[in-house]
file run-v9.pdb (PDB, C-alpha atoms and all ligand atoms)
MODEL        1
ATOM      1  CA  MET A   1      22.850  15.518  26.576
ATOM      2  CA  THR A   2      19.086  15.189  26.518
ATOM      3  CA  ALA A   3      16.463  15.127  23.836
ATOM      4  CA  GLU A   4      12.827  15.979  23.964
ATOM      5  CA  PRO A   5      10.485  14.510  21.356
ATOM      6  CA  VAL A   6       8.621  16.931  19.134
ATOM      7  CA  ILE A   7       6.754  15.079  16.372
ATOM      8  CA  ASP A   8       5.475  17.508  13.848
ATOM      9  CA  LYS A   9       3.773  16.449  10.641
ATOM     10  CA  GLN A  10       3.080  19.930   9.379
ATOM     11  CA  HIS A  11       4.715  22.788  11.177
ATOM     12  CA  THR A  12       5.853  23.538  14.686
ATOM     13  CA  PRO A  13       4.716  27.048  15.614
ATOM     14  CA  ALA A  14       7.608  28.631  17.442
ATOM     15  CA  ALA A  15       5.234  29.422  20.312
ATOM     16  CA  ALA A  16       4.613  25.672  20.802
ATOM     17  CA  LEU A  17       8.293  24.855  21.188
ATOM     18  CA  PRO A  18       9.809  24.157  24.593
ATOM     19  CA  ALA A  19      10.956  27.438  26.138
ATOM     20  CA  THR A  20      14.551  26.169  26.209
ATOM     21  CA  VAL A  21      14.762  25.998  22.397
ATOM     22  CA  ARG A  22      17.005  28.747  21.038
ATOM     23  CA  ALA A  23      17.626  27.761  17.437
ATOM     24  CA  SER A  24      16.596  25.468  14.633
ATOM     25  CA  LEU A  25      18.582  23.623  12.015
ATOM     26  CA  SER A  26      17.523  21.677   8.953
ATOM     27  CA  PRO A  27      19.682  18.960   7.422
ATOM     28  CA  SER A  28      20.120  21.041   4.255
ATOM     29  CA  ARG A  29      21.407  24.081   6.114
ATOM     30  CA  ALA A  30      23.610  21.972   8.405
ATOM     31  CA  ALA A  31      25.024  20.237   5.332
ATOM     32  CA  ASP A  32      25.619  23.659   3.732
ATOM     33  CA  PHE A  33      27.750  24.755   6.685
ATOM     34  CA  LYS A  34      29.619  21.472   6.731
ATOM     35  CA  THR A  35      30.235  21.678   2.974
ATOM     36  CA  CYS A  36      31.214  25.353   2.928
ATOM     37  CA  PRO A  37      30.569  27.917   5.701
ATOM     38  CA  LEU A  38      30.344  30.724   3.130
ATOM     39  CA  LEU A  39      27.661  28.826   1.221
ATOM     40  CA  TYR A  40      25.701  28.591   4.487
ATOM     41  CA  ARG A  41      26.056  32.347   4.936
ATOM     42  CA  PHE A  42      24.900  33.127   1.384
ATOM     43  CA  ARG A  43      21.848  30.896   1.748
ATOM     44  CA  SER A  44      20.797  31.312   5.370
ATOM     45  CA  ILE A  45      22.035  34.767   6.407
ATOM     46  CA  ASP A  46      22.296  36.841   3.227
ATOM     47  CA  ARG A  47      19.425  34.835   1.745
ATOM     48  CA  LEU A  48      20.743  35.470  -1.724
ATOM     49  CA  PRO A  49      18.219  34.381  -4.327
ATOM     50  CA  GLU A  50      18.904  31.170  -6.213
ATOM     51  CA  ARG A  51      17.253  30.611  -9.519
ATOM     52  CA  THR A  52      15.615  27.189  -9.714
ATOM     53  CA  THR A  53      17.451  25.120 -12.287
ATOM     54  CA  VAL A  54      15.812  22.703 -14.698
ATOM     55  CA  GLU A  55      17.465  19.886 -12.762
ATOM     56  CA  GLN A  56      15.997  21.048  -9.433
ATOM     57  CA  ALA A  57      12.563  21.488 -11.017
ATOM     58  CA  ARG A  58      12.770  17.984 -12.452
ATOM     59  CA  GLY A  59      13.692  16.666  -8.998
ATOM     60  CA  THR A  60      10.717  18.423  -7.405
ATOM     61  CA  LEU A  61       8.422  17.052 -10.124
ATOM     62  CA  VAL A  62       9.650  13.472  -9.766
ATOM     63  CA  HIS A  63       9.303  13.647  -5.981
ATOM     64  CA  ALA A  64       5.732  14.930  -6.422
ATOM     65  CA  VAL A  65       4.852  12.100  -8.823
ATOM     66  CA  LEU A  66       6.300   9.447  -6.503
ATOM     67  CA  GLU A  67       4.409  10.951  -3.595
ATOM     68  CA  ARG A  68       1.093  10.835  -5.499
ATOM     69  CA  LEU A  69       1.792   7.386  -6.909
ATOM     70  CA  PHE A  70       1.264   5.898  -3.466
ATOM     71  CA  ASP A  71      -2.208   7.477  -3.297
ATOM     72  CA  LEU A  72      -3.236   4.939  -5.956
ATOM     73  CA  PRO A  73      -4.380   1.439  -5.029
ATOM     74  CA  ALA A  74      -1.306  -0.814  -4.862
ATOM     75  CA  THR A  75      -2.135  -2.754  -8.026
ATOM     76  CA  ASP A  76      -2.421   0.479 -10.054
ATOM     77  CA  ARG A  77       1.099   1.723  -9.261
ATOM     78  CA  THR A  78       2.544   0.951 -12.662
ATOM     79  CA  PRO A  79       5.085   2.839 -14.821
ATOM     80  CA  ASP A  80       2.221   3.956 -17.090
ATOM     81  CA  ALA A  81       0.254   5.286 -14.119
ATOM     82  CA  ALA A  82       3.336   7.183 -12.918
ATOM     83  CA  GLY A  83       3.822   8.573 -16.438
ATOM     84  CA  ASP A  84       0.211   9.753 -16.450
ATOM     85  CA  LEU A  85       0.893  11.769 -13.285
ATOM     86  CA  VAL A  86       3.823  13.721 -14.736
ATOM     87  CA  ALA A  87       1.988  16.432 -16.700
ATOM     88  CA  PRO A  88      -0.780  17.055 -14.107
ATOM     89  CA  GLN A  89       1.785  17.270 -11.301
ATOM     90  CA  TRP A  90       3.874  19.716 -13.328
ATOM     91  CA  ASP A  91       0.770  21.845 -13.934
ATOM     92  CA  ARG A  92       0.057  21.821 -10.204
ATOM     93  CA  LEU A  93       3.629  22.828  -9.330
ATOM     94  CA  VAL A  94       3.586  25.667 -11.868
ATOM     95  CA  THR A  95       0.283  26.902 -10.429
ATOM     96  CA  GLU A  96       1.772  26.882  -6.932
ATOM     97  CA  GLN A  97       5.154  28.286  -8.005
ATOM     98  CA  PRO A  98       4.541  30.415 -11.123
ATOM     99  CA  GLU A  99       8.270  31.190 -11.436
ATOM    100  CA  LEU A 100       8.773  27.594 -12.633
ATOM    101  CA  ALA A 101       7.072  28.572 -15.890
ATOM    102  CA  ASP A 102      10.070  30.855 -16.573
ATOM    103  CA  LEU A 103      12.340  27.836 -16.982
ATOM    104  CA  PHE A 104      11.194  27.607 -20.578
ATOM    105  CA  ASP A 105      10.829  30.382 -23.113
ATOM    106  CA  ALA A 106       7.243  31.233 -23.968
ATOM    107  CA  GLY A 107       6.084  28.917 -26.726
ATOM    108  CA  ASP A 108       9.020  26.526 -26.253
ATOM    109  CA  GLU A 109       6.766  23.498 -26.520
ATOM    110  CA  ALA A 110       9.650  21.239 -27.519
ATOM    111  CA  GLY A 111      11.686  22.265 -24.455
ATOM    112  CA  SER A 112       8.886  21.647 -21.993
ATOM    113  CA  ALA A 113       7.914  18.367 -23.695
ATOM    114  CA  GLU A 114      11.527  17.204 -23.426
ATOM    115  CA  PHE A 115      11.531  18.219 -19.757
ATOM    116  CA  LEU A 116       8.450  16.081 -19.069
ATOM    117  CA  ARG A 117       9.994  13.204 -21.031
ATOM    118  CA  SER A 118      13.176  13.424 -18.954
ATOM    119  CA  ALA A 119      11.117  13.268 -15.744
ATOM    120  CA  THR A 120       9.370  10.152 -17.066
ATOM    121  CA  ALA A 121      12.782   8.631 -17.829
ATOM    122  CA  LEU A 122      13.835   9.153 -14.201
ATOM    123  CA  LEU A 123      10.672   7.400 -13.102
ATOM    124  CA  ALA A 124      11.738   4.429 -15.223
ATOM    125  CA  GLY A 125      14.884   4.374 -13.077
ATOM    126  CA  TYR A 126      12.677   4.214 -10.012
ATOM    127  CA  PHE A 127      10.710   1.228 -11.313
ATOM    128  CA  ALA A 128      13.981  -0.529 -12.135
ATOM    129  CA  VAL A 129      14.894  -0.642  -8.440
ATOM    130  CA  GLU A 130      11.540  -0.824  -6.652
ATOM    131  CA  ASP A 131       8.084  -2.259  -7.204
ATOM    132  CA  PRO A 132       5.677   0.187  -5.531
ATOM    133  CA  ARG A 133       2.869  -2.378  -5.800
ATOM    134  CA  ARG A 134       4.612  -4.299  -3.017
ATOM    135  CA  LEU A 135       5.066  -1.317  -0.696
ATOM    136  CA  GLU A 136       2.805   0.591   1.630
ATOM    137  CA  PRO A 137       4.798   3.550   2.957
ATOM    138  CA  ALA A 138       4.003   4.615   6.509
ATOM    139  CA  GLU A 139       4.752   8.271   5.734
ATOM    140  CA  ARG A 140       5.521  10.408   2.715
ATOM    141  CA  GLU A 141       6.905  13.947   2.613
ATOM    142  CA  SER A 142       6.625  14.072   6.350
ATOM    143  CA  LEU A 143       8.041  16.929   8.382
ATOM    144  CA  ILE A 144       9.723  15.461  11.444
ATOM    145  CA  SER A 145      11.515  17.260  14.224
ATOM    146  CA  ALA A 146      13.157  16.780  17.600
ATOM    147  CA  VAL A 147      14.863  18.951  20.163
ATOM    148  CA  VAL A 148      18.429  17.954  20.953
ATOM    149  CA  ASP A 149      20.690  19.268  23.674
ATOM    150  CA  ASP A 150      17.584  20.994  25.130
ATOM    151  CA  GLU A 151      18.172  24.031  22.919
ATOM    152  CA  LEU A 152      18.295  23.021  19.287
ATOM    153  CA  LEU A 153      15.296  22.102  17.134
ATOM    154  CA  ILE A 154      16.332  19.855  14.256
ATOM    155  CA  ARG A 155      13.804  19.183  11.552
ATOM    156  CA  GLY A 156      13.378  18.243   7.947
ATOM    157  CA  TYR A 157      11.225  16.473   5.383
ATOM    158  CA  LEU A 158      11.490  12.743   4.830
ATOM    159  CA  ASP A 159      10.801  11.590   1.282
ATOM    160  CA  ARG A 160       9.412   8.321   2.613
ATOM    161  CA  LEU A 161       9.335   6.209   5.740
ATOM    162  CA  ASP A 162       8.611   2.477   5.559
ATOM    163  CA  VAL A 163       7.730   0.528   8.682
ATOM    164  CA  ALA A 164       8.118  -3.274   8.643
ATOM    165  CA  PRO A 165       5.645  -5.517  10.504
ATOM    166  CA  ASP A 166       8.271  -5.964  13.240
ATOM    167  CA  GLY A 167       8.474  -2.166  13.663
ATOM    168  CA  ALA A 168      11.778  -1.731  11.845
ATOM    169  CA  LEU A 169      12.115   1.648  10.136
ATOM    170  CA  ARG A 170      13.523   2.326   6.687
ATOM    171  CA  VAL A 171      14.146   5.924   5.631
ATOM    172  CA  VAL A 172      14.072   6.374   1.854
ATOM    173  CA  ASP A 173      15.445   9.358  -0.041
ATOM    174  CA  TYR A 174      15.042   9.763  -3.814
ATOM    175  CA  LYS A 175      18.009  11.243  -5.642
ATOM    176  CA  THR A 176      17.285  12.654  -9.059
ATOM    177  CA  GLY A 177      20.298  14.880  -9.761
ATOM    178  CA  GLY A 178      22.566  14.434 -12.730
ATOM    179  CA  ALA A 179      25.740  15.416 -10.909
ATOM    180  CA  PRO A 180      28.310  12.686 -10.258
ATOM    181  CA  ARG A 181      27.002  10.752  -7.333
ATOM    182  CA  GLU A 182      30.276  10.618  -5.425
ATOM    183  CA  ALA A 183      30.313  14.441  -5.276
ATOM    184  CA  PHE A 184      27.106  14.475  -3.265
ATOM    185  CA  GLU A 185      26.987  11.109  -1.517
ATOM    186  CA  ALA A 186      28.541  12.297   1.760
ATOM    187  CA  ARG A 187      26.041  15.173   1.875
ATOM    188  CA  ALA A 188      23.142  12.808   1.114
ATOM    189  CA  LEU A 189      24.212  10.405   3.851
ATOM    190  CA  PHE A 190      24.614  13.278   6.295
ATOM    191  CA  GLN A 191      20.997  14.275   5.630
ATOM    192  CA  LEU A 192      19.762  10.715   6.091
ATOM    193  CA  LYS A 193      21.595  10.409   9.418
ATOM    194  CA  PHE A 194      19.916  13.645  10.440
ATOM    195  CA  TYR A 195      16.503  12.041   9.858
ATOM    196  CA  ALA A 196      17.656   8.877  11.623
ATOM    197  CA  LEU A 197      18.640  10.940  14.653
ATOM    198  CA  VAL A 198      15.212  12.644  14.749
ATOM    199  CA  LEU A 199      13.426   9.286  14.478
ATOM    200  CA  TRP A 200      15.605   7.723  17.129
ATOM    201  CA  ARG A 201      15.034  10.625  19.503
ATOM    202  CA  THR A 202      11.270  10.776  18.916
ATOM    203  CA  ARG A 203      10.383   7.084  18.568
ATOM    204  CA  GLY A 204      13.184   5.398  20.442
ATOM    205  CA  VAL A 205      14.024   3.246  17.402
ATOM    206  CA  VAL A 206      17.206   3.416  15.372
ATOM    207  CA  PRO A 207      16.168   3.050  11.715
ATOM    208  CA  ARG A 208      17.357  -0.283  10.382
ATOM    209  CA  VAL A 209      18.083   1.075   6.933
ATOM    210  CA  LEU A 210      18.831   4.486   5.423
ATOM    211  CA  ARG A 211      18.242   4.095   1.700
ATOM    212  CA  LEU A 212      19.316   6.361  -1.131
ATOM    213  CA  LEU A 213      17.556   5.596  -4.415
ATOM    214  CA  TYR A 214      19.543   6.997  -7.346
ATOM    215  CA  LEU A 215      16.939   7.187 -10.075
ATOM    216  CA  ARG A 216      19.240   8.239 -12.897
ATOM    217  CA  ASP A 217      21.583   5.304 -12.284
ATOM    218  CA  ALA A 218      18.772   2.980 -11.100
ATOM    219  CA  GLU A 219      20.901   2.108  -8.068
ATOM    220  CA  VAL A 220      20.249   1.613  -4.386
ATOM    221  CA  CYS A 221      22.641   2.601  -1.610
ATOM    222  CA  ASP A 222      21.728   1.203   1.830
ATOM    223  CA  TYR A 223      23.296   2.190   5.096
ATOM    224  CA  SER A 224      22.547   0.864   8.586
ATOM    225  CA  PRO A 225      23.385   3.178  11.479
ATOM    226  CA  ASP A 226      23.610   2.134  15.109
ATOM    227  CA  ALA A 227      22.776   3.993  18.309
ATOM    228  CA  GLU A 228      26.386   4.762  19.140
ATOM    229  CA  GLU A 229      26.915   6.292  15.744
ATOM    230  CA  LEU A 230      23.760   8.402  16.087
ATOM    231  CA  LEU A 231      24.920   9.586  19.491
ATOM    232  CA  ARG A 232      28.198  10.715  17.920
ATOM    233  CA  PHE A 233      26.237  12.264  15.082
ATOM    234  CA  GLU A 234      24.088  14.176  17.556
ATOM    235  CA  ARG A 235      27.242  15.646  19.084
ATOM    236  CA  THR A 236      28.397  16.573  15.596
ATOM    237  CA  VAL A 237      25.117  18.382  14.871
ATOM    238  CA  VAL A 238      25.247  20.296  18.157
ATOM    239  CA  ALA A 239      28.902  21.191  17.499
ATOM    240  CA  LEU A 240      27.957  22.372  14.010
ATOM    241  CA  TRP A 241      25.262  24.586  15.436
ATOM    242  CA  GLN A 242      27.735  26.027  17.960
ATOM    243  CA  ALA A 243      30.199  26.659  15.137
ATOM    244  CA  ILE A 244      27.440  28.433  13.169
ATOM    245  CA  GLU A 245      26.642  30.604  16.188
ATOM    246  CA  GLN A 246      30.306  31.469  16.639
ATOM    247  CA  ALA A 247      30.758  32.267  12.940
ATOM    248  CA  THR A 248      27.661  34.482  13.057
ATOM    249  CA  GLU A 249      28.936  36.280  16.124
ATOM    250  CA  ARG A 250      32.292  36.895  14.419
ATOM    251  CA  GLN A 251      30.725  37.477  10.999
ATOM    252  CA  ASP A 252      33.324  35.036   9.760
ATOM    253  CA  PHE A 253      32.157  32.487   7.198
ATOM    254  CA  ARG A 254      35.031  31.204   5.090
ATOM    255  CA  PRO A 255      34.813  29.605   1.671
ATOM    256  CA  ARG A 256      35.709  25.929   1.484
ATOM    257  CA  PRO A 257      36.229  25.161  -2.194
ATOM    258  CA  SER A 258      35.425  21.644  -3.376
ATOM    259  CA  ARG A 259      33.951  19.845  -6.356
ATOM    260  CA  LEU A 260      30.568  21.108  -5.177
ATOM    261  CA  CYS A 261      31.574  24.652  -6.253
ATOM    262  CA  ASP A 262      30.609  23.591  -9.786
ATOM    263  CA  TRP A 263      26.982  23.478  -8.615
ATOM    264  CA  CYS A 264      27.109  26.607  -6.413
ATOM    265  CA  SER A 265      24.899  29.528  -7.496
ATOM    266  CA  HIS A 266      27.038  32.071  -5.691
ATOM    267  CA  GLN A 267      30.422  32.017  -7.415
ATOM    268  CA  ALA A 268      29.975  35.680  -8.387
ATOM    269  CA  HIS A 269      30.022  36.601  -4.676
ATOM    270  CA  CYS A 270      32.676  34.094  -3.638
ATOM    271  CA  PRO A 271      36.313  35.209  -3.104
ATOM    272  CA  THR A 272      37.471  31.827  -4.420
ATOM    273  CA  PHE A 273      36.150  32.913  -7.802
ATOM    274  CA  GLY A 274      37.223  36.560  -7.526
ATOM    275  CA  GLY A 275      33.901  37.755  -6.107
ATOM    276  CA  THR A 276      33.083  39.809  -3.015
ATOM    277  CA  PRO A 277      30.413  38.815  -0.490
ATOM    278  CA  PRO A 278      27.732  41.438   0.146
ATOM    279  CA  PRO A 279      28.028  43.475   3.385
ATOM    280  CA  PHE A 280      27.104  41.325   6.367
ATOM    281  CA  PRO A 281      23.416  41.964   7.136
ATOM    282  CA  PRO A 282      22.708  44.122  10.206
ATOM    283  CA  ARG A 283      22.423  42.183  13.427
ATOM    284  CA  SER A 284      18.666  42.795  13.597
ATOM    285  CA  ALA A 285      18.311  40.746  10.407
ATOM    286  CA  THR A 286      20.274  37.774  11.757
ATOM    287  CA  ALA A 287      19.387  37.949  15.428
ATOM    288  CA  ASP A 288      16.423  35.582  15.279
ATOM    289  CA  PRO A 289      17.915  32.109  15.487
ATOM    290  CA  LEU A 290      14.431  30.580  15.427
ATOM    291  CA  ARG A 291      13.630  32.264  12.135
ATOM    292  CA  ASP A 292      13.968  28.946  10.314
ATOM    293  CA  ALA A 293      11.585  27.284  12.766
ATOM    294  CA  ARG A 294       8.922  29.708  11.645
ATOM    295  CA  SER A 295       9.351  29.063   7.952
ATOM    296  CA  ARG A 296       8.844  25.947   5.907
ATOM    297  CA  PRO A 297      12.119  24.088   5.306
ATOM    298  CA  ALA A 298      12.997  23.083   1.755
ATOM    299  CA  ALA A 299      10.522  20.553   0.405
ATOM    300  CA  PRO A 300      11.739  17.172  -0.817
ATOM    301  CA  GLY A 301      13.490  17.347  -4.132
ATOM    302  CA  ALA A 302      14.104  21.059  -3.933
ATOM    303  CA  ASP A 303      17.569  20.775  -2.491
ATOM    304  CA  GLU A 304      19.399  18.236  -4.596
TER     305      GLU A 304
HETATM  306  S1  LIG B   1      31.684  28.690  -4.849
HETATM  307 FE1  LIG B   1      32.456  27.019  -3.555
HETATM  308  S2  LIG B   1      33.720  28.023  -1.989
HETATM  309 FE2  LIG B   1      32.416  29.605  -2.929
HETATM  310  S3  LIG B   1      30.576  29.753  -1.640
HETATM  311 FE3  LIG B   1      30.109  28.316  -3.290
HETATM  312  S4  LIG B   1      30.622  26.281  -2.438
HETATM  313 FE4  LIG B   1      31.636  27.823  -1.156
ENDMDL
END

call {"tool": "encode", "arguments": {"input": "run-v9.pdb", "output": "structure tokens", "more": "lines below"}}
Ligand code: SF4
result
Amino acid sequence: MTAEPVIDKQHTPAAALPATVRASLSPSRAADFKTCPLLYRFRSIDRLPERTTVEQARGTLVHAVLERLFDLPATDRTPDAAGDLVAPQWDRLVTEQPELADLFDAGDEAGSAEFLRSATALLAGYFAVEDPRRLEPAERESLISAVVDDELLIRGYLDRLDVAPDGALRVVDYKTGGAPREAFEARALFQLKFYALVLWRTRGVVPRVLRLLYLRDAEVCDYSPDAEELLRFERTVVALWQAIEQATERQDFRPRPSRLCDWCSHQAHCPTFGGTPPPFPPRSATADPLRDARSRPAAPGADE
């Protein structure tokens, strides 16, 4: 198995990819398939719309505030300064994604004020576990990618990458969701290992720490992978991709019910809940395995 480094801070035009690359996979979509193949189908093949929930919007907002916070001089990165960023960042997000304004009824000032207050409360959870005045992240909201097994482009957005003076890497992911942590922890760790694999393959360094920051609980979960584990993980990712290809070929994506069904937007189409999936899209609509390489993967915070 070989890997070819492709560092990409913005976007890899498909034309710039090595000619051997046949498909792309993001950690979110890989985790979807691993969680429930039918969920992967609904999201990546049928592309069924999913209405942004208040919780997802709050996650996107908090990620945006934390990203901007590090633009300030280190000494200014205080809870008050973060609080001052909340409303302007929300205004910016609504300008960029006008559908977010639909989360609240017109004139529901109390609802939107409560929403902004709840985002500020999550930021308090952040300050309880980290002091951003003592940090200088190397990268924030960075799109990273690598080619594995010569044929598969894997890529995704890091929330934050810290680099120690000795070169050690720490990947940091902010978790803002209100769902019980244990329901999503395996998925979160899977995504972090995905980033660790990309970094290892592109920089030759196994990240020393993969860190999940749970803002609601003000808790830190650290994990330290090793090269052998990442090698096994790489095989898992390639096997997942092959399983996705096979399922697509057979048009066979089965539901895998779990606790995560409670947060699934597609119960109405899922046989587990008495629903019927839509007809499988025509082959022409699914025949471009590099389609995801040409579109922007989910931004940080949008997929919690
Ligand atoms: S409801 Fe559950 S089983 Fe059905 S598609 Fe969603 S995650 Fe899968």

call {"tool": "closest_residue", "arguments": {"input": "run-v9.pdb", "among": "A:Lys34, A:Arg170, A:Arg22, A:Arg203", "to": "ligand LIG 1 (chain B)", "atoms": "only C-alpha atoms and all ligand atoms"}}
result
A:Lys34

call {"tool": "residues_around", "arguments": {"input": "run-v9.pdb", "residues": "Val148 in chain A", "least_positions_apart": "2", "cutoff": "12 Å", "atoms": "only C-alpha atoms", "output": "PDB file with C-alpha atoms, in the coordinates of the input"}}
result
ATOM      1  CA  MET A   1      22.850  15.518  26.576  1.00  0.00           C
ATOM      2  CA  THR A   2      19.086  15.189  26.518  1.00  0.00           C
ATOM      3  CA  ALA A   3      16.463  15.127  23.836  1.00  0.00           C
ATOM      4  CA  GLU A   4      12.827  15.979  23.964  1.00  0.00           C
ATOM      5  CA  PRO A   5      10.485  14.510  21.356  1.00  0.00           C
ATOM      6  CA  VAL A   6       8.621  16.931  19.134  1.00  0.00           C
ATOM      7  CA  PRO A  18       9.809  24.157  24.593  1.00  0.00           C
ATOM      8  CA  THR A  20      14.551  26.169  26.209  1.00  0.00           C
ATOM      9  CA  VAL A  21      14.762  25.998  22.397  1.00  0.00           C
ATOM     10  CA  ARG A  22      17.005  28.747  21.038  1.00  0.00           C
ATOM     11  CA  ALA A  23      17.626  27.761  17.437  1.00  0.00           C
ATOM     12  CA  SER A  24      16.596  25.468  14.633  1.00  0.00           C
ATOM     13  CA  LEU A  25      18.582  23.623  12.015  1.00  0.00           C
ATOM     14  CA  SER A 145      11.515  17.260  14.224  1.00  0.00           C
ATOM     15  CA  ALA A 146      13.157  16.780  17.600  1.00  0.00           C
ATOM     16  CA  ASP A 150      17.584  20.994  25.130  1.00  0.00           C
ATOM     17  CA  GLU A 151      18.172  24.031  22.919  1.00  0.00           C
ATOM     18  CA  LEU A 152      18.295  23.021  19.287  1.00  0.00           C
ATOM     19  CA  LEU A 153      15.296  22.102  17.134  1.00  0.00           C
ATOM     20  CA  ILE A 154      16.332  19.855  14.256  1.00  0.00           C
ATOM     21  CA  ARG A 155      13.804  19.183  11.552  1.00  0.00           C
ATOM     22  CA  PHE A 194      19.916  13.645  10.440  1.00  0.00           C
ATOM     23  CA  LEU A 197      18.640  10.940  14.653  1.00  0.00           C
ATOM     24  CA  VAL A 198      15.212  12.644  14.749  1.00  0.00           C
ATOM     25  CA  LEU A 199      13.426   9.286  14.478  1.00  0.00           C
ATOM     26  CA  TRP A 200      15.605   7.723  17.129  1.00  0.00           C
ATOM     27  CA  ARG A 201      15.034  10.625  19.503  1.00  0.00           C
ATOM     28  CA  THR A 202      11.270  10.776  18.916  1.00  0.00           C
ATOM     29  CA  LEU A 230      23.760   8.402  16.087  1.00  0.00           C
ATOM     30  CA  LEU A 231      24.920   9.586  19.491  1.00  0.00           C
ATOM     31  CA  PHE A 233      26.237  12.264  15.082  1.00  0.00           C
ATOM     32  CA  GLU A 234      24.088  14.176  17.556  1.00  0.00           C
ATOM     33  CA  ARG A 235      27.242  15.646  19.084  1.00  0.00           C
ATOM     34  CA  THR A 236      28.397  16.573  15.596  1.00  0.00           C
ATOM     35  CA  VAL A 237      25.117  18.382  14.871  1.00  0.00           C
ATOM     36  CA  VAL A 238      25.247  20.296  18.157  1.00  0.00           C
ATOM     37  CA  ALA A 239      28.902  21.191  17.499  1.00  0.00           C
ATOM     38  CA  TRP A 241      25.262  24.586  15.436  1.00  0.00           C
TER      39      TRP A 241
END

call {"tool": "resolve_selection", "arguments": {"input": "run-v9.pdb", "expression": "the PyMOL selection byres (((not hetatm)) within 10 of (chain B and resi 1))", "output": "PyMOL selection string"}}
result
chain A and resi 32-33+35-43+253-275+277

call {"tool": "axis_aligned_box", "arguments": {"input": "run-v9.pdb", "around": "range 66-70 of chain A", "padding_each_side": "8 Å", "output": "lines of an AutoDock Vina configuration file"}}
result
center_x = 3.7
center_y = 8.4
center_z = -5.2
size_x = 21.2
size_y = 21.1
size_z = 19.4

call {"tool": "closest_residue", "arguments": {"input": "run-v9.pdb", "among": "A:Arg117, A:Arg47, A:Arg134, A:Arg140", "to": "Thr75 in chain A", "atoms": "all atoms listed in the file"}}
result
A:Arg134

call {"tool": "atom_distance", "arguments": {"input": "run-v9.pdb", "atom1": "CA of Arg58 in chain A", "atom2": "CA of Phe115 in chain A"}}
result
7.4 Å

call {"tool": "residues_around", "arguments": {"input": "run-v9.pdb", "residues": "range 90-102 of chain A", "least_positions_apart": "2", "cutoff": "8 Å", "atoms": "all atoms listed in the file", "output": "PyMOL selection string"}}
result
chain A and resi 52+57+61+86-88+104-106

call {"tool": "write_last_selection", "arguments": {"input": "run-v9.pdb", "atoms": "C-alpha atoms", "output": "PDB file, keeping the file's coordinate frame"}}
result
ATOM      1  CA  THR A  52      15.615  27.189  -9.714  1.00  0.00           C
ATOM      2  CA  ALA A  57      12.563  21.488 -11.017  1.00  0.00           C
ATOM      3  CA  LEU A  61       8.422  17.052 -10.124  1.00  0.00           C
ATOM      4  CA  VAL A  86       3.823  13.721 -14.736  1.00  0.00           C
ATOM      5  CA  ALA A  87       1.988  16.432 -16.700  1.00  0.00           C
ATOM      6  CA  PRO A  88      -0.780  17.055 -14.107  1.00  0.00           C
ATOM      7  CA  PHE A 104      11.194  27.607 -20.578  1.00  0.00           C
ATOM      8  CA  ASP A 105      10.829  30.382 -23.113  1.00  0.00           C
ATOM      9  CA  ALA A 106       7.243  31.233 -23.968  1.00  0.00           C
TER      10      ALA A 106
END

call {"tool": "atom_distance", "arguments": {"input": "run-v9.pdb", "atom1": "CA of Leu116 in chain A", "atom2": "CA of Gly177 in chain A"}}
result
15.1 Å

call {"tool": "atom_distance", "arguments": {"input": "run-v9.pdb", "atom1": "CA of Thr276 in chain A", "atom2": "CA of Leu48 in chain A"}}
result
13.1 Å

call {"tool": "resolve_selection", "arguments": {"input": "run-v9.pdb", "expression": "the PyMOL selection byres (((chain A and resi 69) around 10) and not hetatm)", "output": "ChimeraX atom specification"}}
result
/A:63-68,70-74,76-79,81-85,132-133

call {"tool": "closest_residue", "arguments": {"input": "run-v9.pdb", "among": "A:Thr248, A:Thr60, A:Ser118, A:Thr53", "to": "Asp159 in chain A", "atoms": "only C-alpha atoms"}}
result
A:Thr60

call {"tool": "residues_around", "arguments": {"input": "run-v9.pdb", "residues": "Arg181 in chain A", "least_positions_apart": "3", "cutoff": "12 Å", "atoms": "only C-alpha atoms", "output": "PyMOL selection string"}}
result
chain A and resi 175-178+184-189+212-221+259-260+304

call {"tool": "closest_residue", "arguments": {"input": "run-v9.pdb", "among": "A:Ala247, A:Ala19, A:Leu158, A:Val54", "to": "Lys193 in chain A", "atoms": "only C-alpha atoms"}}
result
A:Leu158

call {"tool": "closest_residue", "arguments": {"input": "run-v9.pdb", "among": "A:Glu136, A:Glu130, A:Asp46, A:Asp173", "to": "Ala196 in chain A", "atoms": "all atoms listed in the file"}}
result
A:Asp173

call {"tool": "closest_residue", "arguments": {"input": "run-v9.pdb", "among": "A:Ala30, A:Val171, A:Ala164, A:Leu122", "to": "Leu135 in chain A", "atoms": "all atoms listed in the file"}}
result
A:Ala164
